[in-house]
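Below is the file upload-v8.cif, which contains mmCIF, C-alpha atoms and all ligand atoms.
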```cif
data_target
#
loop_
_atom_site.label_atom_id
_atom_site.label_comp_id
_atom_site.auth_asym_id
_atom_site.auth_seq_id
_atom_site.Cartn_x
_atom_site.Cartn_y
_atom_site.Cartn_z
CA MET A 173 0.00 0.00 0.00
CA LYS A 174 1.97 3.03 -1.22
CA ARG A 175 0.44 5.51 1.20
CA VAL A 176 1.76 7.85 3.87
CA ILE A 177 0.83 6.39 7.24
CA LEU A 178 1.05 7.84 10.75
CA VAL A 179 0.94 5.36 13.61
CA THR A 180 1.01 7.14 16.98
CA GLY A 181 2.81 5.34 19.79
CA SER A 182 4.55 3.05 17.32
CA GLY A 183 7.73 2.55 19.32
CA SER A 184 6.36 -0.72 20.67
CA GLY A 185 3.51 -3.21 20.83
CA ILE A 186 0.50 -2.91 18.53
CA GLY A 187 1.77 0.34 17.02
CA LYS A 188 5.13 -1.15 16.10
CA ALA A 189 3.53 -4.25 14.56
CA THR A 190 1.24 -1.96 12.54
CA ALA A 191 4.12 0.23 11.35
CA LEU A 192 6.08 -2.84 10.21
CA ARG A 193 3.00 -4.20 8.40
CA PHE A 194 2.49 -1.01 6.39
CA ALA A 195 6.22 -0.62 5.71
CA GLU A 196 6.56 -4.15 4.33
CA SER A 197 3.76 -3.39 1.87
CA GLY A 198 5.55 -0.32 0.49
CA GLY A 199 4.08 2.44 2.65
CA SER A 200 5.99 5.43 4.00
CA VAL A 201 5.48 5.26 7.73
CA ILE A 202 5.72 8.01 10.33
CA ILE A 203 6.80 6.47 13.62
CA ASN A 204 5.69 8.64 16.52
CA ASP A 205 6.37 8.06 20.20
CA ILE A 206 7.52 9.77 23.40
CA ASN A 207 10.19 7.06 23.67
CA GLU A 208 12.95 8.27 21.35
CA GLU A 209 15.13 5.17 21.56
CA ALA A 210 12.26 2.81 20.79
CA GLY A 211 11.03 4.99 17.91
CA ASN A 212 14.47 5.19 16.29
CA GLN A 213 14.86 1.43 16.70
CA VAL A 214 11.65 0.83 14.70
CA VAL A 215 12.87 3.16 11.95
CA SER A 216 16.17 1.22 11.78
CA GLU A 217 14.31 -2.09 11.52
CA ILE A 218 12.20 -0.76 8.66
CA GLU A 219 15.14 0.78 6.82
CA GLU A 220 17.21 -2.40 7.18
CA THR A 221 14.58 -4.22 5.14
CA GLY A 222 14.48 -1.49 2.48
CA GLY A 223 11.38 0.32 3.77
CA ASN A 224 10.66 4.01 4.30
CA ALA A 225 10.15 5.41 7.77
CA LEU A 226 10.67 8.59 9.75
CA PHE A 227 10.63 9.05 13.52
CA VAL A 228 8.92 12.11 15.03
CA LEU A 229 9.33 12.52 18.77
CA ALA A 230 6.07 14.06 19.97
CA ASP A 231 3.55 13.84 22.78
CA ILE A 232 0.13 13.54 21.15
CA SER A 233 -1.61 15.09 24.15
CA ASP A 234 -0.12 18.44 23.05
CA PRO A 235 -1.85 19.87 19.92
CA LYS A 236 1.24 21.89 18.95
CA GLN A 237 3.36 18.73 18.87
CA VAL A 238 0.65 16.97 16.86
CA LYS A 239 0.83 19.74 14.24
CA THR A 240 4.60 19.23 14.07
CA ILE A 241 4.10 15.52 13.31
CA PHE A 242 1.86 16.34 10.33
CA GLU A 243 4.09 19.16 9.03
CA THR A 244 7.25 17.03 9.30
CA ALA A 245 5.53 14.16 7.52
CA LYS A 246 4.35 16.48 4.74
CA ASP A 247 7.86 17.85 4.19
CA THR A 248 9.36 14.34 3.99
CA PHE A 249 6.79 12.00 2.43
CA GLY A 250 3.73 14.16 1.63
CA GLU A 251 0.40 14.53 3.46
CA ILE A 252 -0.62 11.77 5.85
CA GLU A 253 -3.26 9.56 4.22
CA VAL A 254 -3.71 6.92 6.92
CA LEU A 255 -3.91 7.79 10.62
CA VAL A 256 -3.78 5.08 13.28
CA ASN A 257 -4.63 6.54 16.70
CA ASN A 258 -2.80 3.98 18.82
CA ALA A 259 -0.65 5.73 21.46
CA GLY A 260 -1.69 4.89 24.97
CA VAL A 261 -0.64 4.72 28.58
CA PRO A 262 -1.49 2.00 31.06
CA GLY A 263 -4.06 3.04 33.65
CA LYS A 264 -3.52 3.01 37.40
CA PHE A 265 -6.11 0.67 38.85
CA SER A 266 -8.62 2.38 41.11
CA LEU A 267 -12.36 2.47 41.70
CA ILE A 268 -14.24 5.64 40.71
CA SER A 269 -14.72 6.45 44.39
CA ASP A 270 -10.94 6.50 44.97
CA MET A 271 -9.67 7.83 41.65
CA PRO A 272 -7.16 10.69 41.93
CA ASP A 273 -7.63 13.66 39.54
CA GLU A 274 -4.23 12.95 38.04
CA THR A 275 -5.18 9.42 36.95
CA TRP A 276 -8.30 10.71 35.24
CA HIS A 277 -6.61 13.66 33.50
CA LYS A 278 -3.56 11.72 32.26
CA THR A 279 -5.54 8.92 30.62
CA ILE A 280 -8.10 11.26 29.07
CA ALA A 281 -5.30 13.54 27.82
CA VAL A 282 -3.44 10.81 25.93
CA HIS A 283 -6.16 8.40 24.80
CA LEU A 284 -9.07 10.76 24.14
CA SER A 285 -7.68 14.27 23.64
CA GLY A 286 -4.58 12.97 21.84
CA SER A 287 -6.69 11.00 19.35
CA PHE A 288 -8.96 14.03 18.87
CA PHE A 289 -6.02 16.37 18.19
CA CYS A 290 -4.67 13.94 15.56
CA MET A 291 -8.10 13.58 13.92
CA ARG A 292 -8.61 17.36 13.86
CA GLU A 293 -5.22 17.82 12.22
CA ALA A 294 -5.82 14.99 9.73
CA ALA A 295 -9.36 15.89 8.66
CA PRO A 296 -8.77 19.02 6.50
CA ARG A 297 -5.68 17.48 4.89
CA MET A 298 -7.55 14.27 4.00
CA MET A 299 -10.58 16.28 2.81
CA ALA A 300 -8.34 18.26 0.45
CA ASN A 301 -6.88 14.98 -0.90
CA ARG A 302 -10.33 13.35 -1.15
CA TYR A 303 -8.87 10.25 0.52
CA GLY A 304 -8.25 9.13 4.06
CA ARG A 305 -8.36 6.21 6.46
CA ILE A 306 -8.51 6.71 10.23
CA ILE A 307 -8.46 3.85 12.72
CA ASN A 308 -8.89 4.47 16.45
CA ILE A 309 -7.51 1.76 18.71
CA SER A 310 -10.13 1.43 21.41
CA SER A 311 -10.61 -1.59 23.70
CA ILE A 312 -13.33 -3.93 24.90
CA ALA A 313 -13.18 -1.63 27.96
CA GLY A 314 -14.65 1.05 25.69
CA LEU A 315 -17.65 -1.17 24.93
CA ASN A 316 -18.21 -2.82 28.31
CA GLY A 317 -16.75 -0.46 30.90
CA ALA A 318 -13.85 -1.62 33.04
CA VAL A 319 -14.06 -2.11 36.79
CA GLY A 320 -10.95 -0.50 38.28
CA SER A 321 -10.18 1.45 35.09
CA ALA A 322 -13.15 3.80 34.62
CA GLU A 323 -10.99 6.53 33.13
CA TYR A 324 -9.56 4.13 30.55
CA GLY A 325 -13.00 2.77 29.65
CA ALA A 326 -14.40 6.29 29.30
CA ALA A 327 -11.52 7.37 27.05
CA LYS A 328 -11.86 4.24 24.92
CA SER A 329 -15.65 4.80 24.59
CA GLY A 330 -14.92 8.37 23.63
CA ILE A 331 -12.73 7.40 20.69
CA ILE A 332 -15.38 4.99 19.40
CA ASN A 333 -17.84 7.87 19.48
CA LEU A 334 -15.34 10.16 17.74
CA ALA A 335 -14.94 7.54 15.00
CA MET A 336 -18.73 7.37 14.52
CA THR A 337 -19.12 11.14 14.27
CA ALA A 338 -16.08 11.58 12.02
CA SER A 339 -17.27 8.82 9.69
CA ARG A 340 -20.45 10.83 9.09
CA GLU A 341 -18.71 14.19 8.79
CA LEU A 342 -15.99 12.90 6.43
CA GLY A 343 -17.52 10.00 4.49
CA GLN A 344 -18.42 12.24 1.54
CA TYR A 345 -14.69 12.93 1.03
CA ASN A 346 -13.75 9.25 0.58
CA ILE A 347 -12.55 9.07 4.16
CA THR A 348 -13.41 6.14 6.41
CA VAL A 349 -13.10 6.25 10.19
CA ASN A 350 -13.37 3.05 12.21
CA ALA A 351 -12.49 1.77 15.66
CA ILE A 352 -10.98 -1.53 16.77
CA ALA A 353 -11.71 -2.95 20.22
CA PRO A 354 -9.03 -5.46 21.24
CA GLY A 355 -9.29 -7.67 24.28
CA MET A 356 -6.04 -8.57 26.02
CA VAL A 357 -3.05 -8.27 23.68
CA ARG A 358 0.41 -9.39 24.70
CA THR A 359 2.56 -6.22 24.66
CA SER A 360 4.85 -4.32 27.01
CA ILE A 361 1.74 -2.95 28.81
CA ASN A 362 1.10 -6.37 30.37
CA ALA A 363 4.36 -8.26 29.75
CA GLU A 364 5.32 -8.23 33.41
CA LEU A 365 1.96 -9.59 34.53
CA TYR A 366 2.18 -12.29 31.87
CA GLU A 367 5.67 -13.37 32.82
CA LYS A 368 4.72 -13.58 36.50
CA LYS A 369 1.70 -15.70 35.54
CA ASN A 370 -0.40 -13.10 37.36
CA PRO A 371 -3.96 -14.31 38.10
CA PHE A 372 -5.36 -11.24 36.30
CA ILE A 373 -3.97 -12.62 33.03
CA GLN A 374 -5.48 -16.04 33.70
CA LYS A 375 -8.88 -14.43 34.32
CA ALA A 376 -8.62 -12.56 31.04
CA LEU A 377 -7.73 -15.79 29.25
CA ASP A 378 -10.65 -17.60 30.91
CA ASP A 379 -12.93 -14.98 29.33
CA ALA A 380 -11.66 -15.66 25.81
CA SER A 381 -13.22 -18.73 24.23
CA SER A 382 -10.05 -19.06 22.12
CA GLY A 383 -8.14 -19.40 25.41
CA ARG A 384 -5.35 -17.15 24.26
CA MET A 385 -4.36 -13.51 24.01
CA THR A 386 -4.43 -11.72 20.66
CA GLN A 387 -1.03 -11.06 19.11
CA PRO A 388 -0.08 -7.49 18.08
CA GLN A 389 0.37 -8.73 14.50
CA GLU A 390 -3.28 -9.83 14.39
CA ILE A 391 -4.39 -6.30 15.28
CA ALA A 392 -2.00 -4.95 12.63
CA GLU A 393 -3.58 -7.20 9.97
CA LEU A 394 -7.07 -5.93 10.86
CA ILE A 395 -5.90 -2.31 10.69
CA TYR A 396 -4.26 -3.00 7.35
CA PHE A 397 -7.42 -4.65 6.01
CA LEU A 398 -9.49 -1.58 6.96
CA CYS A 399 -7.22 0.46 4.70
CA THR A 400 -7.59 -1.78 1.64
CA GLU A 401 -9.99 -1.14 -1.22
CA ALA A 402 -11.99 -4.19 -0.10
CA ALA A 403 -12.87 -2.36 3.10
CA SER A 404 -13.66 1.01 1.54
CA ASN A 405 -17.36 0.84 2.44
CA ILE A 406 -16.79 -0.06 6.10
CA ASN A 407 -17.27 3.25 7.90
CA GLY A 408 -18.15 4.23 11.48
CA GLU A 409 -17.76 0.63 12.64
CA VAL A 410 -16.24 -0.79 15.81
CA ILE A 411 -14.68 -4.24 15.44
CA ARG A 412 -13.87 -6.43 18.43
CA ILE A 413 -10.83 -8.67 18.32
CA ASP A 414 -10.77 -10.49 21.63
CA GLY A 415 -10.92 -14.26 21.08
CA GLY A 416 -14.61 -14.26 21.97
CA ALA A 417 -14.17 -12.64 25.39
CA GLN A 418 -17.39 -10.60 24.89
CA LEU A 419 -18.42 -8.97 28.15
CA GLY A 420 -15.25 -9.72 30.07
CA THR A 421 -17.13 -9.51 33.36
CA SER A 422 -15.30 -12.37 35.07
CA LEU A 423 -12.56 -9.83 35.73
CA ASP A 424 -14.97 -7.70 37.78
CA ALA A 425 -14.97 -9.81 40.95
CA PHE A 426 -11.22 -10.16 40.75
CA MET A 427 -10.71 -6.43 40.37
CA LEU A 428 -13.13 -5.57 43.17
CA GLU A 429 -11.30 -7.95 45.47
CA PHE A 430 -7.98 -6.49 44.45
CA LEU A 431 -9.08 -2.90 45.02
CA GLY A 432 -11.29 -3.45 48.05
CA LYS A 433 -9.65 -6.16 50.12
CA LYS A 434 -6.22 -6.36 48.60
CA SER A 435 -6.08 -10.10 49.25
CA PRO A 436 -2.68 -11.85 49.17
CA SER A 437 -3.63 -13.65 45.96
CA VAL A 438 -3.53 -10.41 44.01
CA GLN A 439 -0.80 -8.49 45.85
CA ASN A 440 1.71 -8.95 43.05
CA MET A 441 -0.26 -6.82 40.59
CA LYS A 442 1.27 -3.69 42.10
N1 LIG A 501 -2.26 -4.55 25.14
C1 LIG A 501 -3.54 -4.69 25.34
O1 LIG A 501 -3.99 -5.64 26.00
C2 LIG A 501 -4.52 -3.68 24.75
C3 LIG A 501 -5.88 -4.01 24.73
C4 LIG A 501 -6.79 -3.10 24.20
C5 LIG A 501 -6.35 -1.88 23.70
N2 LIG A 501 -5.03 -1.59 23.74
C6 LIG A 501 -4.60 -0.27 23.22
O2 LIG A 501 -3.66 -0.46 22.20
C7 LIG A 501 -2.83 0.72 22.10
C8 LIG A 501 -1.38 0.31 22.05
O3 LIG A 501 -1.02 -0.29 23.28
P1 LIG A 501 0.07 -1.46 23.42
O4 LIG A 501 -0.58 -2.57 24.12
O5 LIG A 501 0.73 -1.71 22.11
O6 LIG A 501 1.07 -0.78 24.46
P2 LIG A 501 2.57 -0.29 24.36
O7 LIG A 501 2.91 0.27 25.70
O8 LIG A 501 3.43 -1.37 23.82
O9 LIG A 501 2.51 0.89 23.28
C9 LIG A 501 2.03 2.20 23.57
C10 LIG A 501 3.02 3.21 23.01
O10 LIG A 501 2.45 4.53 23.13
C11 LIG A 501 3.51 5.40 23.49
N3 LIG A 501 2.96 6.62 24.11
C12 LIG A 501 2.45 6.76 25.36
N4 LIG A 501 2.04 8.02 25.56
C13 LIG A 501 2.28 8.69 24.40
C14 LIG A 501 2.06 10.04 24.00
N5 LIG A 501 1.54 10.94 24.84
N6 LIG A 501 2.43 10.42 22.74
C15 LIG A 501 2.98 9.51 21.89
N7 LIG A 501 3.20 8.22 22.23
C16 LIG A 501 2.86 7.81 23.47
C17 LIG A 501 4.35 4.58 24.46
O11 LIG A 501 5.64 5.13 24.63
C18 LIG A 501 4.35 3.22 23.79
O12 LIG A 501 5.43 3.05 22.90
C19 LIG A 501 -3.19 1.59 23.34
O13 LIG A 501 -4.06 2.62 22.96
C20 LIG A 501 -3.89 0.60 24.24
O14 LIG A 501 -4.79 1.23 25.13
C21 LIG A 501 -4.09 -2.46 24.25
#
```

Now, as a test, write the supplied structure out as structure tokens.
Amino acid sequence: MKRVILVTGSGSGIGKATALRFAESGGSVIINDINEEAGNQVVSEIEETGGNALFVLADISDPKQVKTIFETAKDTFGEIEVLVNNAGVPGKFSLISDMPDETWHKTIAVHLSGSFFCMREAAPRMMANRYGRIINISSIAGLNGAVGSAEYGAAKSGIINLAMTASRELGQYNITVNAIAPGMVRTSINAELYEKKNPFIQKALDDASSGRMTQPQEIAELIYFLCTEAASNINGEVIRIDGGAQLGTSLDAFMLEFLGKKSPSVQNMK
């Protein structure tokens, strides 16, 4: 796909897998992250295999830095045609009743405001080009809520809603805007829990009828598909990819126990 693609937070995990997927198909990929070393490493990997990539160090929760990403991309590869709103921070588990302001503001700033700033910057450029693909990486938490992570669930619901509105505002310009709602994906966000065989991970796996976590590459393939011609009439959709986990409510009791009683069985989540 010979397009110009921005993947936010592509220094690791789902974003990195997505960047590699687009690069291997001939795209020019903007790698963005707040982790400079990780971002440059992804660019090196892409260039070593003959691909085109550029790293832009920027915090997407700052609209000025978001503008810089788009301007730098334009000067190097041309206007961004595909935007993958992926950057994210792990939440700090807490019930609504105990949630500090800081936890709320940080998650909303990166996941919700950051995605909005990128969409606002992308929209007029894509409208002028009469082409665009935007994919917001939400979560099953955005569909079901998330006990112990209300701020994360709210932000992830928000970006589904943004995708729905944008799909209706921009569809007439040959722009599609969709959301993906992964269940548990094995990335650096949960690597430590996974390696320690933390019971939280087992609960998440119990929820998935496939009995396994989704791999970052599987999310990347779905994102890539949404940018192909075959998917050009899919617009304003939210697609789960969670191994059949559906409601994910078996985690609720576990999380309530963890946050309320702090039983020894869940101490090692901290
Ligand atoms: N891993 C999962 O189980 C899972 C499940 C559902 C949804 N998601 C979502 O997938 C997306 C990617 O997460 P991941 O699992 O690959 O985690 P990850 O930690 O591997 O990747 C997130 C990247 O975003 C970067 N980042 C953080 N704040 C940023 C900012 N302000 N500006 C730019 N970059 C920033 C981080 O440095 C990191 O490289 C996130 O939005 C996450 O909420 C993950």

Neighbours of ligand LIG 501 (chain A) within 8 Å, counting all atoms listed in the file, as number ranges by chain?
-> A: 180-188, 204-207, 210-211, 229-234, 257-262, 281-283, 286, 309-313, 324, 328, 353-362, 388

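We find atom CA of A:Gly325 and atom CA of A:Thr279 to be spaced 9.7 Å apart.
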
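Closest to A:Asn212 among A:Val228, A:Gly314, A:Gln344, A:Asp424 is A:Val228, based on all atoms listed in the file.
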
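Distances here use all atoms listed in the file; by that measure, the residue among A:Phe372, A:Tyr366, A:Phe249, A:Phe397 closest to A:Asn350 is A:Phe397.
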
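The smallest atom-to-atom distance between A:Ile411 and any of A:Ala351, A:Phe426, A:Val319, A:Ala300, using all atoms listed in the file, is found for A:Ala351.
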
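In terms of minimum interatomic distance to A:Arg175, A:Cys399 ranks closest within A:Cys399, A:Ala380, A:Ala392, A:Ile347, counting all atoms listed in the file.
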
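Note that the spacing between atom CA of A:Pro371 and atom CA of A:Leu423 amounts to 10.0 Å.
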
For A:Asp378, which residue out of A:Gly415, A:Glu274, A:Glu401, A:Gly408 is the nearest one, using all atoms listed in the file?
-> A:Gly415

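As for atom CA of A:Glu209 and atom CA of A:Val256, they are spaced 20.6 Å apart.
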
Near A:Ile203, within 6 Å and counting all atoms listed in the file, which residues show up once chain neighbours fewer than 2 positions away are dropped, as a PyMOL selection string?
-> chain A and resi 179+182+226-227

With C-alpha atoms retained, export the selected residues as a PDB file, keeping the file's coordinate frame.
```pdb
ATOM      1  CA  VAL A 179       0.940   5.360  13.610  1.00  0.00           C
ATOM      2  CA  SER A 182       4.550   3.050  17.320  1.00  0.00           C
ATOM      3  CA  LEU A 226      10.670   8.590   9.750  1.00  0.00           C
ATOM      4  CA  PHE A 227      10.630   9.050  13.520  1.00  0.00           C
TER       5      PHE A 227
END
```

Show which residues sit within 10 Å of A:Glu251, as a ChimeraX atom specification. Count all atoms listed in the file, and ignore same-chain residues fewer than 3 positions away.
-> /A:175-178,242-248,254,294,297-298,300-301

Tell me, as a ChimeraX atom specification, which residues lie within 6 Å of A:Met173, counting all atoms listed in the file; anything in the same chain fewer than 5 positions away does not count.
-> /A:197-199

Leaving out A:Met299 and any residue of its chain fewer than 2 positions from it, which residues lie within 12 Å of it when counting all atoms listed in the file, given as an MDAnalysis selection string?
-> chainID A and resid 251:253 291:297 301:305 338 341:348

Could you pull stretch 299-310 of chain A out of the block above and save it with N, CA and C atoms, as a PDB file, in the first residue's frame?
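As written to disk, part-v4.pdb reads:
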```
ATOM      1  N   MET A 299      -9.473  15.735   3.616  1.00  0.00           N
ATOM      2  CA  MET A 299     -10.581  16.277   2.814  1.00  0.00           C
ATOM      3  C   MET A 299     -10.042  16.893   1.517  1.00  0.00           C
ATOM      4  N   ALA A 300      -8.929  17.622   1.633  1.00  0.00           N
ATOM      5  CA  ALA A 300      -8.338  18.261   0.450  1.00  0.00           C
ATOM      6  C   ALA A 300      -7.861  17.215  -0.549  1.00  0.00           C
ATOM      7  N   ASN A 301      -7.383  16.066  -0.026  1.00  0.00           N
ATOM      8  CA  ASN A 301      -6.879  14.984  -0.896  1.00  0.00           C
ATOM      9  C   ASN A 301      -7.979  14.059  -1.383  1.00  0.00           C
ATOM     10  N   ARG A 302      -9.190  14.234  -0.837  1.00  0.00           N
ATOM     11  CA  ARG A 302     -10.327  13.345  -1.149  1.00  0.00           C
ATOM     12  C   ARG A 302      -9.963  11.877  -0.926  1.00  0.00           C
ATOM     13  N   TYR A 303      -9.207  11.628   0.112  1.00  0.00           N
ATOM     14  CA  TYR A 303      -8.873  10.251   0.516  1.00  0.00           C
ATOM     15  C   TYR A 303      -8.394  10.273   1.968  1.00  0.00           C
ATOM     16  N   GLY A 304      -8.796   9.281   2.713  1.00  0.00           N
ATOM     17  CA  GLY A 304      -8.250   9.130   4.063  1.00  0.00           C
ATOM     18  C   GLY A 304      -8.780   7.882   4.747  1.00  0.00           C
ATOM     19  N   ARG A 305      -7.949   7.348   5.616  1.00  0.00           N
ATOM     20  CA  ARG A 305      -8.358   6.209   6.458  1.00  0.00           C
ATOM     21  C   ARG A 305      -7.901   6.534   7.886  1.00  0.00           C
ATOM     22  N   ILE A 306      -8.847   6.474   8.816  1.00  0.00           N
ATOM     23  CA  ILE A 306      -8.514   6.711  10.229  1.00  0.00           C
ATOM     24  C   ILE A 306      -8.988   5.514  11.038  1.00  0.00           C
ATOM     25  N   ILE A 307      -8.094   4.984  11.855  1.00  0.00           N
ATOM     26  CA  ILE A 307      -8.462   3.847  12.717  1.00  0.00           C
ATOM     27  C   ILE A 307      -8.106   4.208  14.155  1.00  0.00           C
ATOM     28  N   ASN A 308      -9.098   4.190  15.023  1.00  0.00           N
ATOM     29  CA  ASN A 308      -8.891   4.471  16.452  1.00  0.00           C
ATOM     30  C   ASN A 308      -8.778   3.156  17.208  1.00  0.00           C
ATOM     31  N   ILE A 309      -7.682   2.997  17.940  1.00  0.00           N
ATOM     32  CA  ILE A 309      -7.506   1.765  18.715  1.00  0.00           C
ATOM     33  C   ILE A 309      -8.170   1.941  20.074  1.00  0.00           C
ATOM     34  N   SER A 310      -9.365   1.380  20.172  1.00  0.00           N
ATOM     35  CA  SER A 310     -10.132   1.433  21.407  1.00  0.00           C
ATOM     36  C   SER A 310      -9.802   0.190  22.225  1.00  0.00           C
TER      37      SER A 310
END
```
